[in-house]
Amino acid sequence: METHTVAGYAAEALASLTPSQLQFLKSIPKAELHAHLNGSIPFPVLRQLAHEFLSSNNNPADPTSTSASASTLPPDVRAGLERLQADVVLNEINDFFGLFPAIYAITATPPALALAARAVLDFFLAPDPNAGGAAQAAYLELRSTPRATPAMTRMQYIETVLDEVERFPPERAALIVSLDRRMDRETAAECVRCAVQLKEAGRRVVGVDLCGDPKAGNMDEFAEHFRIAKAAGLGVTLHIAEVPDCPPSETLRLLSYKPDRLGHATFLSPAAKQVVHTDEMCIEICLSSNLLCKTVPTLDAHHLRYYLGHDHPVAICTDDILPFRNSLLGEYALLLAQPPLGLGLTEPEIEKVARMGMSSRFK
């Protein structure tokens with residue numbers, strides 16, 4: 001089976017490095033703390049899942065057929081399935097984001113979800129023969145938003161992913177349960193309740209996350225959810241200030257929940273930065289994601305430079321390897337490669353960054 005393809009900024013940075021530089025990057029222990037399950041399924045596995053979905057007796061939903069079940073599929077799901085089945089080349093970021101309705105459809109049963117989770121975990125944690133046997137990450141905190149489907153409850157969703165996470169030892173992998181900003185109060189409360197119950201049962205849930213449309217939802221409604229999570233000993237990480245028009249007052253409100261880590265944190269006001277520095281909240285940095293989503297204009301202008309200049313803890317992460325066509329090794333290559341392909345950090349500086357990530361794991 002073909003493997004995940006790295007392209008764009010990460011690929012260019014990797015190609016510019018010498019063999020000894022590549023070996024250095026492979027050798028340092030790296031933590032992946034911001035990887036979304038559904039956005040990190042390797043493309044060959046998505047094609048396999050689509051094929052199984054369409055050929056299953058329970059889902060006879062070939063988009064080209066005239067069966068009743070096919071006709072009931074939403075158009076965006078049918079379009080995504082057609083693209084996954086076709087031998088098309090997807091190059092633009094929107095080509096990949098357009099697949100997500102289909103991805104949700106083909107991972108809506110426990111066996112399909114388990115296969116997807118296993119593929120993501122193996123991508124990050126299994127030895128890579130093409131990398132001299134080195135794994136992408138020494139440690140992975142995979143995150144996912146529990147979905148209730150006709151085939152499983154939200155609790156069963158989390159348990160299915162945990163079964164795959166726990167194939168690896170505790171020092172290698174754990175799960176973060178994500179809350180979508182668009183969730184109503186009852187759904188968010190259910191997700192937190194499941195996370196707490198599973199942690200108390202000894203399952204490897206280590207944190208909760210806030211994600212989704214950065215302009216959606218009433219953040220006041222999430223205060224109680226994060227209070228409960230923290231009281232249960234779960235770590236809290238929040239996607240925050242991702243786009244320029246995130247209200248500064250909302251950002252300060254989210255920071256008042258005392259998160260342990262922050263996702264992106266691209267557009268923090270001076271007041272917000274003061275809180276972040278005072279509480280030493282680790283920033284989950286996703287270089288390729290920010291460049292491709294155009295929340296930063298260039299690599300040199302990336303806010304990572306600000307945090308490094310203030311000796312503030314950061315973790316280098318991939319976000320979603322599917323649309324951003326990156327890898328953890330590729331993200332570290334963007335640190336080491338010389339400008340304009342990278343930031344031109346020294347090897348000791350990169351070792352320090354990697355140690356920050358490992359030190360910021362949820363325990």
# chains A, B, ... in the order shown; residues from 1 in each chain; ligands from 1
$ residues_around --residues "Leu255 in chain A" --least-positions-apart "6" --cutoff "8 Å" --atoms "only C-alpha atoms" --output "list in words"
Ala272, Val275 and Val276 of chain A
$ write_last_selection --atoms "C-alpha atoms" --output "mmCIF file, in the first residue's frame"
data_model
loop_
_atom_site.group_PDB
_atom_site.id
_atom_site.type_symbol
_atom_site.label_atom_id
_atom_site.label_comp_id
_atom_site.auth_asym_id
_atom_site.auth_seq_id
_atom_site.Cartn_x
_atom_site.Cartn_y
_atom_site.Cartn_z
ATOM 1 C CA ALA A 272 -3.586 37.732 26.963
ATOM 2 C CA VAL A 275 -1.587 35.751 31.333
ATOM 3 C CA VAL A 276 -0.016 33.091 29.128
#
$ residues_around --residues "Ser16 in chain A" --least-positions-apart "4" --cutoff "9 Å" --atoms "only C-alpha atoms" --output "list in words"
Ala11, Glu12, Ala333, Ala337, Gln338 and Leu341 of chain A
$ residues_around --residues "Arg203 in chain A" --least-positions-apart "6" --cutoff "9 Å" --atoms "only C-alpha atoms" --output "list of chain:residue names"
A:Glu159, A:Leu162, A:Glu166, A:Gln197
$ closest_residue --among "A:Tyr9, A:Leu37, A:Asp128, A:Leu234" --to "Leu287 in chain A" --atoms "only C-alpha atoms"
A:Tyr9
$ residues_around --residues "range 113-115 of chain A" --least-positions-apart "4" --cutoff "12 Å" --atoms "only C-alpha atoms" --output "PDB file with N, CA, C and O atoms, in the first residue's frame"
ATOM      1  N   LEU A  37      -7.609  13.095  15.109  1.00  0.00           N
ATOM      2  CA  LEU A  37      -7.738  11.773  14.512  1.00  0.00           C
ATOM      3  C   LEU A  37      -8.270  11.850  13.082  1.00  0.00           C
ATOM      4  O   LEU A  37      -7.648  11.334  12.147  1.00  0.00           O
ATOM      5  N   ASN A  38      -9.419  12.485  12.893  1.00  0.00           N
ATOM      6  CA  ASN A  38     -10.053  12.454  11.572  1.00  0.00           C
ATOM      7  C   ASN A  38      -9.277  13.222  10.514  1.00  0.00           C
ATOM      8  O   ASN A  38      -9.465  12.980   9.325  1.00  0.00           O
ATOM      9  N   ILE A  41      -5.836  10.678   9.214  1.00  0.00           N
ATOM     10  CA  ILE A  41      -5.922   9.329   8.638  1.00  0.00           C
ATOM     11  C   ILE A  41      -5.162   9.325   7.314  1.00  0.00           C
ATOM     12  O   ILE A  41      -5.468  10.104   6.412  1.00  0.00           O
ATOM     13  N   PRO A  42      -4.160   8.475   7.175  1.00  0.00           N
ATOM     14  CA  PRO A  42      -3.421   8.433   5.902  1.00  0.00           C
ATOM     15  C   PRO A  42      -4.367   8.177   4.728  1.00  0.00           C
ATOM     16  O   PRO A  42      -5.313   7.386   4.832  1.00  0.00           O
ATOM     17  N   PRO A  44      -4.258   6.499   1.912  1.00  0.00           N
ATOM     18  CA  PRO A  44      -4.545   5.125   1.463  1.00  0.00           C
ATOM     19  C   PRO A  44      -5.560   4.413   2.352  1.00  0.00           C
ATOM     20  O   PRO A  44      -6.362   3.614   1.857  1.00  0.00           O
ATOM     21  N   VAL A  45      -5.547   4.691   3.645  1.00  0.00           N
ATOM     22  CA  VAL A  45      -6.499   4.064   4.555  1.00  0.00           C
ATOM     23  C   VAL A  45      -7.899   4.622   4.324  1.00  0.00           C
ATOM     24  O   VAL A  45      -8.893   3.891   4.396  1.00  0.00           O
ATOM     25  N   LEU A  46      -7.994   5.906   4.026  1.00  0.00           N
ATOM     26  CA  LEU A  46      -9.302   6.475   3.692  1.00  0.00           C
ATOM     27  C   LEU A  46      -9.900   5.790   2.474  1.00  0.00           C
ATOM     28  O   LEU A  46     -11.106   5.496   2.438  1.00  0.00           O
ATOM     29  N   GLN A  48      -9.330   2.761   1.471  1.00  0.00           N
ATOM     30  CA  GLN A  48      -9.752   1.429   1.907  1.00  0.00           C
ATOM     31  C   GLN A  48     -11.081   1.489   2.635  1.00  0.00           C
ATOM     32  O   GLN A  48     -11.992   0.689   2.376  1.00  0.00           O
ATOM     33  N   LEU A  49     -11.225   2.444   3.540  1.00  0.00           N
ATOM     34  CA  LEU A  49     -12.471   2.593   4.288  1.00  0.00           C
ATOM     35  C   LEU A  49     -13.644   2.938   3.371  1.00  0.00           C
ATOM     36  O   LEU A  49     -14.760   2.448   3.550  1.00  0.00           O
ATOM     37  N   GLU A  52     -14.696  -0.208   1.585  1.00  0.00           N
ATOM     38  CA  GLU A  52     -15.438  -1.105   2.467  1.00  0.00           C
ATOM     39  C   GLU A  52     -16.830  -0.563   2.764  1.00  0.00           C
ATOM     40  O   GLU A  52     -17.804  -1.328   2.860  1.00  0.00           O
ATOM     41  N   PHE A  53     -16.934   0.735   2.905  1.00  0.00           N
ATOM     42  CA  PHE A  53     -18.231   1.364   3.154  1.00  0.00           C
ATOM     43  C   PHE A  53     -19.177   1.107   1.992  1.00  0.00           C
ATOM     44  O   PHE A  53     -20.348   0.747   2.177  1.00  0.00           O
ATOM     45  N   ILE A 103     -15.447  11.417   5.354  1.00  0.00           N
ATOM     46  CA  ILE A 103     -14.633  10.784   6.400  1.00  0.00           C
ATOM     47  C   ILE A 103     -15.489  10.445   7.603  1.00  0.00           C
ATOM     48  O   ILE A 103     -15.395   9.355   8.179  1.00  0.00           O
ATOM     49  N   TYR A 104     -16.360  11.383   7.996  1.00  0.00           N
ATOM     50  CA  TYR A 104     -17.240  11.109   9.133  1.00  0.00           C
ATOM     51  C   TYR A 104     -18.180   9.943   8.818  1.00  0.00           C
ATOM     52  O   TYR A 104     -18.478   9.116   9.700  1.00  0.00           O
ATOM     53  N   ALA A 105     -18.642   9.851   7.590  1.00  0.00           N
ATOM     54  CA  ALA A 105     -19.561   8.774   7.209  1.00  0.00           C
ATOM     55  C   ALA A 105     -18.878   7.411   7.250  1.00  0.00           C
ATOM     56  O   ALA A 105     -19.458   6.427   7.715  1.00  0.00           O
ATOM     57  N   ILE A 106     -17.642   7.341   6.773  1.00  0.00           N
ATOM     58  CA  ILE A 106     -16.973   6.036   6.669  1.00  0.00           C
ATOM     59  C   ILE A 106     -16.296   5.613   7.965  1.00  0.00           C
ATOM     60  O   ILE A 106     -15.781   4.498   8.048  1.00  0.00           O
ATOM     61  N   THR A 107     -16.299   6.477   8.979  1.00  0.00           N
ATOM     62  CA  THR A 107     -15.756   6.092  10.293  1.00  0.00           C
ATOM     63  C   THR A 107     -16.872   6.090  11.341  1.00  0.00           C
ATOM     64  O   THR A 107     -16.623   6.350  12.518  1.00  0.00           O
ATOM     65  N   ALA A 108     -18.076   5.785  10.926  1.00  0.00           N
ATOM     66  CA  ALA A 108     -19.248   5.878  11.806  1.00  0.00           C
ATOM     67  C   ALA A 108     -19.587   4.571  12.503  1.00  0.00           C
ATOM     68  O   ALA A 108     -20.593   4.500  13.209  1.00  0.00           O
ATOM     69  N   THR A 109     -18.772   3.525  12.327  1.00  0.00           N
ATOM     70  CA  THR A 109     -18.971   2.260  13.024  1.00  0.00           C
ATOM     71  C   THR A 109     -17.721   1.951  13.843  1.00  0.00           C
ATOM     72  O   THR A 109     -16.612   2.389  13.482  1.00  0.00           O
ATOM     73  N   ALA A 119      -4.463   3.261  12.193  1.00  0.00           N
ATOM     74  CA  ALA A 119      -3.605   3.791  11.133  1.00  0.00           C
ATOM     75  C   ALA A 119      -2.902   5.075  11.567  1.00  0.00           C
ATOM     76  O   ALA A 119      -1.724   5.289  11.268  1.00  0.00           O
ATOM     77  N   VAL A 120      -3.632   5.931  12.267  1.00  0.00           N
ATOM     78  CA  VAL A 120      -3.034   7.183  12.740  1.00  0.00           C
ATOM     79  C   VAL A 120      -1.964   6.897  13.789  1.00  0.00           C
ATOM     80  O   VAL A 120      -0.850   7.453  13.737  1.00  0.00           O
ATOM     81  N   LEU A 121      -2.277   6.047  14.733  1.00  0.00           N
ATOM     82  CA  LEU A 121      -1.303   5.695  15.769  1.00  0.00           C
ATOM     83  C   LEU A 121      -0.059   5.062  15.160  1.00  0.00           C
ATOM     84  O   LEU A 121       1.073   5.388  15.545  1.00  0.00           O
ATOM     85  N   ASP A 122      -0.253   4.170  14.198  1.00  0.00           N
ATOM     86  CA  ASP A 122       0.898   3.541  13.555  1.00  0.00           C
ATOM     87  C   ASP A 122       1.728   4.552  12.769  1.00  0.00           C
ATOM     88  O   ASP A 122       2.957   4.461  12.737  1.00  0.00           O
ATOM     89  N   SER A 144      -9.718  13.563  19.620  1.00  0.00           N
ATOM     90  CA  SER A 144     -10.874  13.347  18.741  1.00  0.00           C
ATOM     91  C   SER A 144     -12.151  13.774  19.461  1.00  0.00           C
ATOM     92  O   SER A 144     -12.250  13.695  20.685  1.00  0.00           O
ATOM     93  N   PRO A 146     -15.884  12.975  20.253  1.00  0.00           N
ATOM     94  CA  PRO A 146     -16.791  11.818  20.224  1.00  0.00           C
ATOM     95  C   PRO A 146     -18.059  12.119  19.439  1.00  0.00           C
ATOM     96  O   PRO A 146     -18.673  13.177  19.614  1.00  0.00           O
ATOM     97  N   ARG A 147     -18.431  11.187  18.568  1.00  0.00           N
ATOM     98  CA  ARG A 147     -19.652  11.338  17.779  1.00  0.00           C
ATOM     99  C   ARG A 147     -20.601  10.186  18.088  1.00  0.00           C
ATOM    100  O   ARG A 147     -20.180   9.033  18.146  1.00  0.00           O
ATOM    101  N   THR A 149     -23.454   7.917  16.620  1.00  0.00           N
ATOM    102  CA  THR A 149     -23.953   7.491  15.314  1.00  0.00           C
ATOM    103  C   THR A 149     -24.962   6.369  15.542  1.00  0.00           C
ATOM    104  O   THR A 149     -25.105   5.865  16.662  1.00  0.00           O
ATOM    105  N   ALA A 151     -24.554   3.479  14.984  1.00  0.00           N
ATOM    106  CA  ALA A 151     -23.817   2.269  15.343  1.00  0.00           C
ATOM    107  C   ALA A 151     -23.103   2.363  16.688  1.00  0.00           C
ATOM    108  O   ALA A 151     -22.610   1.346  17.186  1.00  0.00           O
ATOM    109  N   MET A 152     -23.014   3.560  17.281  1.00  0.00           N
ATOM    110  CA  MET A 152     -22.282   3.662  18.555  1.00  0.00           C
ATOM    111  C   MET A 152     -22.656   4.947  19.287  1.00  0.00           C
ATOM    112  O   MET A 152     -23.013   5.957  18.684  1.00  0.00           O
ATOM    113  N   GLN A 156     -19.020   4.720  23.506  1.00  0.00           N
ATOM    114  CA  GLN A 156     -18.447   3.650  22.688  1.00  0.00           C
ATOM    115  C   GLN A 156     -17.417   4.199  21.700  1.00  0.00           C
ATOM    116  O   GLN A 156     -16.418   3.535  21.404  1.00  0.00           O
ATOM    117  N   TYR A 157     -17.650   5.411  21.212  1.00  0.00           N
ATOM    118  CA  TYR A 157     -16.680   6.045  20.321  1.00  0.00           C
ATOM    119  C   TYR A 157     -15.343   6.176  21.053  1.00  0.00           C
ATOM    120  O   TYR A 157     -14.284   5.784  20.533  1.00  0.00           O
ATOM    121  N   ILE A 158     -15.380   6.755  22.255  1.00  0.00           N
ATOM    122  CA  ILE A 158     -14.138   6.971  23.003  1.00  0.00           C
ATOM    123  C   ILE A 158     -13.479   5.636  23.339  1.00  0.00           C
ATOM    124  O   ILE A 158     -12.252   5.477  23.209  1.00  0.00           O
ATOM    125  N   GLU A 159     -14.272   4.660  23.758  1.00  0.00           N
ATOM    126  CA  GLU A 159     -13.714   3.355  24.116  1.00  0.00           C
ATOM    127  C   GLU A 159     -13.066   2.680  22.916  1.00  0.00           C
ATOM    128  O   GLU A 159     -12.018   2.016  23.053  1.00  0.00           O
ATOM    129  N   THR A 160     -13.654   2.849  21.740  1.00  0.00           N
ATOM    130  CA  THR A 160     -13.077   2.261  20.529  1.00  0.00           C
ATOM    131  C   THR A 160     -11.706   2.846  20.236  1.00  0.00           C
ATOM    132  O   THR A 160     -10.753   2.117  19.924  1.00  0.00           O
ATOM    133  N   VAL A 161     -11.594   4.167  20.334  1.00  0.00           N
ATOM    134  CA  VAL A 161     -10.294   4.806  20.098  1.00  0.00           C
ATOM    135  C   VAL A 161      -9.304   4.404  21.187  1.00  0.00           C
ATOM    136  O   VAL A 161      -8.132   4.125  20.914  1.00  0.00           O
ATOM    137  N   LEU A 162      -9.771   4.364  22.436  1.00  0.00           N
ATOM    138  CA  LEU A 162      -8.884   3.979  23.540  1.00  0.00           C
ATOM    139  C   LEU A 162      -8.341   2.563  23.370  1.00  0.00           C
ATOM    140  O   LEU A 162      -7.177   2.296  23.714  1.00  0.00           O
ATOM    141  N   ASP A 163      -9.155   1.660  22.857  1.00  0.00           N
ATOM    142  CA  ASP A 163      -8.672   0.293  22.636  1.00  0.00           C
ATOM    143  C   ASP A 163      -7.447   0.295  21.725  1.00  0.00           C
ATOM    144  O   ASP A 163      -6.521  -0.518  21.914  1.00  0.00           O
ATOM    145  N   GLU A 164      -7.427   1.172  20.760  1.00  0.00           N
ATOM    146  CA  GLU A 164      -6.277   1.269  19.854  1.00  0.00           C
ATOM    147  C   GLU A 164      -5.117   2.015  20.511  1.00  0.00           C
ATOM    148  O   GLU A 164      -3.954   1.613  20.384  1.00  0.00           O
ATOM    149  N   VAL A 165      -5.422   3.091  21.221  1.00  0.00           N
ATOM    150  CA  VAL A 165      -4.371   3.847  21.930  1.00  0.00           C
ATOM    151  C   VAL A 165      -3.632   2.933  22.898  1.00  0.00           C
ATOM    152  O   VAL A 165      -2.394   2.969  23.007  1.00  0.00           O
ATOM    153  N   GLU A 166      -4.386   2.088  23.591  1.00  0.00           N
ATOM    154  CA  GLU A 166      -3.796   1.260  24.643  1.00  0.00           C
ATOM    155  C   GLU A 166      -3.081   0.024  24.108  1.00  0.00           C
ATOM    156  O   GLU A 166      -2.567  -0.777  24.901  1.00  0.00           O
ATOM    157  N   ARG A 167      -3.002  -0.120  22.798  1.00  0.00           N
ATOM    158  CA  ARG A 167      -2.089  -1.100  22.205  1.00  0.00           C
ATOM    159  C   ARG A 167      -0.640  -0.687  22.440  1.00  0.00           C
ATOM    160  O   ARG A 167       0.267  -1.524  22.381  1.00  0.00           O
TER     161      ARG A 167
END
$ select_by_dssp --residues "range 50-259 of chain A" --states "alpha helix (DSSP H)" --output "ChimeraX atom specification"
/A:50-55,68-71,75-85,93-97,100-106,110-125,154-165,185-200,223-231,248-255
$ write_last_selection --atoms "C-alpha atoms" --output "CSV table (one decimal), in the first residue's frame"
chain,number,residue,atom,x,y,z
A,50,ALA,CA,-14.4,4.1,1.4
A,51,HIS,CA,-14.3,0.9,-0.5
A,52,GLU,CA,-15.4,-1.1,2.5
A,53,PHE,CA,-18.2,1.4,3.2
A,54,LEU,CA,-19.5,1.1,-0.4
A,55,SER,CA,-19.2,-2.6,-0.7
A,68,ALA,CA,-32.6,4.1,-2.1
A,69,SER,CA,-29.7,4.0,0.4
A,70,ALA,CA,-27.4,5.8,-2.0
A,71,SER,CA,-30.0,8.4,-2.8
A,75,PRO,CA,-24.5,15.3,-1.6
A,76,ASP,CA,-21.3,16.3,0.1
A,77,VAL,CA,-20.8,12.7,1.4
A,78,ARG,CA,-21.5,11.2,-2.0
A,79,ALA,CA,-19.0,13.7,-3.6
A,80,GLY,CA,-16.4,12.8,-1.1
A,81,LEU,CA,-16.8,9.1,-1.6
A,82,GLU,CA,-16.5,9.5,-5.3
A,83,ARG,CA,-13.3,11.4,-4.9
A,84,LEU,CA,-11.9,8.8,-2.5
A,85,GLN,CA,-12.7,6.0,-4.9
A,93,ILE,CA,-5.9,22.3,0.8
A,94,ASN,CA,-9.6,22.7,0.0
A,95,ASP,CA,-9.6,19.4,-1.9
A,96,PHE,CA,-8.9,17.7,1.4
A,97,PHE,CA,-11.2,19.7,3.6
A,100,PHE,CA,-14.5,15.5,5.8
A,101,PRO,CA,-18.2,14.8,5.4
A,102,ALA,CA,-17.3,11.5,3.8
A,103,ILE,CA,-14.6,10.8,6.4
A,104,TYR,CA,-17.2,11.1,9.1
A,105,ALA,CA,-19.6,8.8,7.2
A,106,ILE,CA,-17.0,6.0,6.7
A,110,PRO,CA,-16.7,0.9,15.7
A,111,PRO,CA,-14.7,-1.4,13.3
A,112,ALA,CA,-14.1,1.5,10.8
A,113,LEU,CA,-13.2,3.9,13.6
A,114,ALA,CA,-10.8,1.4,15.1
A,115,LEU,CA,-9.1,0.9,11.7
A,116,ALA,CA,-8.7,4.7,11.3
A,117,ALA,CA,-7.4,5.2,14.8
A,118,ARG,CA,-4.9,2.3,14.4
A,119,ALA,CA,-3.6,3.8,11.1
A,120,VAL,CA,-3.0,7.2,12.7
A,121,LEU,CA,-1.3,5.7,15.8
A,122,ASP,CA,0.9,3.5,13.6
A,123,PHE,CA,1.8,6.5,11.4
A,124,PHE,CA,3.2,8.4,14.4
A,125,LEU,CA,4.4,5.6,16.6
A,154,ARG,CA,-20.2,8.7,22.4
A,155,MET,CA,-18.9,6.5,25.1
A,156,GLN,CA,-18.4,3.7,22.7
A,157,TYR,CA,-16.7,6.0,20.3
A,158,ILE,CA,-14.1,7.0,23.0
A,159,GLU,CA,-13.7,3.4,24.1
A,160,THR,CA,-13.1,2.3,20.5
A,161,VAL,CA,-10.3,4.8,20.1
A,162,LEU,CA,-8.9,4.0,23.5
A,163,ASP,CA,-8.7,0.3,22.6
A,164,GLU,CA,-6.3,1.3,19.9
A,165,VAL,CA,-4.4,3.8,21.9
A,185,ARG,CA,-24.5,22.2,26.9
A,186,GLU,CA,-25.8,18.7,27.3
A,187,THR,CA,-23.6,17.1,24.6
A,188,ALA,CA,-20.4,18.8,26.0
A,189,ALA,CA,-21.3,17.7,29.5
A,190,GLU,CA,-21.8,14.1,28.2
A,191,CYS,CA,-18.3,14.1,26.6
A,192,VAL,CA,-16.7,15.4,29.8
A,193,ARG,CA,-18.6,12.9,31.9
A,194,CYS,CA,-17.4,10.1,29.6
A,195,ALA,CA,-13.8,11.3,29.8
A,196,VAL,CA,-13.9,11.6,33.6
A,197,GLN,CA,-15.6,8.1,34.0
A,198,LEU,CA,-13.0,6.5,31.8
A,199,LYS,CA,-10.1,8.2,33.5
A,200,GLU,CA,-11.4,7.0,36.9
A,223,ALA,CA,-16.6,27.1,32.1
A,224,GLU,CA,-18.3,24.3,34.1
A,225,HIS,CA,-17.1,21.6,31.7
A,226,PHE,CA,-13.5,22.6,32.1
A,227,ARG,CA,-13.8,23.0,35.9
A,228,ILE,CA,-15.1,19.5,36.1
A,229,ALA,CA,-12.4,18.2,33.9
A,230,LYS,CA,-9.6,19.8,35.9
A,231,ALA,CA,-11.1,18.7,39.2
A,248,PRO,CA,-9.9,39.6,22.8
A,249,SER,CA,-12.6,39.5,25.6
A,250,GLU,CA,-13.4,35.9,24.7
A,251,THR,CA,-9.7,35.0,24.7
A,252,LEU,CA,-9.3,36.4,28.2
A,253,ARG,CA,-12.4,34.5,29.3
A,254,LEU,CA,-11.0,31.2,28.0
A,255,LEU,CA,-7.7,31.9,29.7
$ residues_around --residues "Glu171 in chain A" --least-positions-apart "5" --cutoff "9 Å" --atoms "only C-alpha atoms" --output "PyMOL selection string"
chain A and resi 138-140
$ atom_distance --atom1 "CA of Lys352 in chain A" --atom2 "CA of Tyr332 in chain A"
12.1 Å
$ select_by_dssp --residues "range 77-281 of chain A" --states "strand (DSSP E)" --output "mmCIF file with C-alpha atoms, in the first residue's frame"
data_model
loop_
_atom_site.group_PDB
_atom_site.id
_atom_site.type_symbol
_atom_site.label_atom_id
_atom_site.label_comp_id
_atom_site.auth_asym_id
_atom_site.auth_seq_id
_atom_site.Cartn_x
_atom_site.Cartn_y
_atom_site.Cartn_z
ATOM 1 C CA TYR A 139 4.915 10.055 22.343
ATOM 2 C CA LEU A 140 1.474 10.909 20.946
ATOM 3 C CA GLU A 141 -1.582 12.502 22.492
ATOM 4 C CA LEU A 142 -4.242 11.802 19.899
ATOM 5 C CA ARG A 143 -7.386 13.922 20.094
ATOM 6 C CA SER A 144 -10.874 13.347 18.741
ATOM 7 C CA ALA A 173 0.278 7.173 23.661
ATOM 8 C CA ALA A 174 -2.794 8.699 25.304
ATOM 9 C CA LEU A 175 -6.130 10.249 24.305
ATOM 10 C CA ILE A 176 -7.555 13.764 24.560
ATOM 11 C CA VAL A 177 -11.358 14.095 24.297
ATOM 12 C CA SER A 178 -12.297 17.146 22.235
ATOM 13 C CA LEU A 179 -15.314 19.374 22.764
ATOM 14 C CA ASP A 180 -16.570 21.195 19.684
ATOM 15 C CA VAL A 205 -7.791 9.574 28.832
ATOM 16 C CA VAL A 206 -5.450 12.377 29.869
ATOM 17 C CA GLY A 207 -7.168 15.608 28.826
ATOM 18 C CA VAL A 208 -9.963 17.530 27.166
ATOM 19 C CA ASP A 209 -9.732 19.979 24.282
ATOM 20 C CA LEU A 210 -11.824 22.822 22.879
ATOM 21 C CA CYS A 211 -11.905 22.884 19.084
ATOM 22 C CA GLY A 235 -5.376 18.300 31.433
ATOM 23 C CA VAL A 236 -7.069 21.109 29.492
ATOM 24 C CA THR A 237 -5.963 22.435 26.121
ATOM 25 C CA LEU A 238 -7.879 25.070 24.166
ATOM 26 C CA HIS A 239 -7.773 26.139 20.542
ATOM 27 C CA ILE A 240 -7.533 29.872 21.079
ATOM 28 C CA ARG A 261 -1.862 24.254 26.966
ATOM 29 C CA LEU A 262 -3.093 26.386 24.078
ATOM 30 C CA GLY A 263 -3.607 25.429 20.440
ATOM 31 C CA HIS A 264 -2.216 27.941 17.921
#
$ atom_distance --atom1 "CA of Glu347 in chain A" --atom2 "CA of Glu242 in chain A"
29.0 Å
$ atom_distance --atom1 "CA of Gly342 in chain A" --atom2 "CA of Phe267 in chain A"
21.6 Å
$ decode --residues "range 158-190 of chain A" --atoms "C-alpha atoms" --output "short mmCIF file (atom, residue, chain, number, x, y, z; two decimals), in the first residue's frame"
data_model
loop_
_atom_site.label_atom_id
_atom_site.label_comp_id
_atom_site.auth_asym_id
_atom_site.auth_seq_id
_atom_site.Cartn_x
_atom_site.Cartn_y
_atom_site.Cartn_z
CA ILE A 158 -14.14 6.97 23.00
CA GLU A 159 -13.71 3.36 24.12
CA THR A 160 -13.08 2.26 20.53
CA VAL A 161 -10.29 4.81 20.10
CA LEU A 162 -8.88 3.98 23.54
CA ASP A 163 -8.67 0.29 22.64
CA GLU A 164 -6.28 1.27 19.85
CA VAL A 165 -4.37 3.85 21.93
CA GLU A 166 -3.80 1.26 24.64
CA ARG A 167 -2.09 -1.10 22.21
CA PHE A 168 0.90 1.11 22.97
CA PRO A 169 2.45 1.52 26.44
CA PRO A 170 1.51 4.55 28.56
CA GLU A 171 4.79 6.28 27.81
CA ARG A 172 3.96 6.22 24.10
CA ALA A 173 0.28 7.17 23.66
CA ALA A 174 -2.79 8.70 25.30
CA LEU A 175 -6.13 10.25 24.30
CA ILE A 176 -7.56 13.76 24.56
CA VAL A 177 -11.36 14.10 24.30
CA SER A 178 -12.30 17.15 22.23
CA LEU A 179 -15.31 19.37 22.76
CA ASP A 180 -16.57 21.20 19.68
CA ARG A 181 -17.48 24.86 20.23
CA ARG A 182 -20.78 24.18 18.41
CA MET A 183 -21.87 21.55 20.96
CA ASP A 184 -24.89 22.29 23.11
CA ARG A 185 -24.47 22.22 26.87
CA GLU A 186 -25.83 18.68 27.27
CA THR A 187 -23.58 17.15 24.59
CA ALA A 188 -20.45 18.82 25.95
CA ALA A 189 -21.35 17.70 29.46
CA GLU A 190 -21.79 14.12 28.21
#
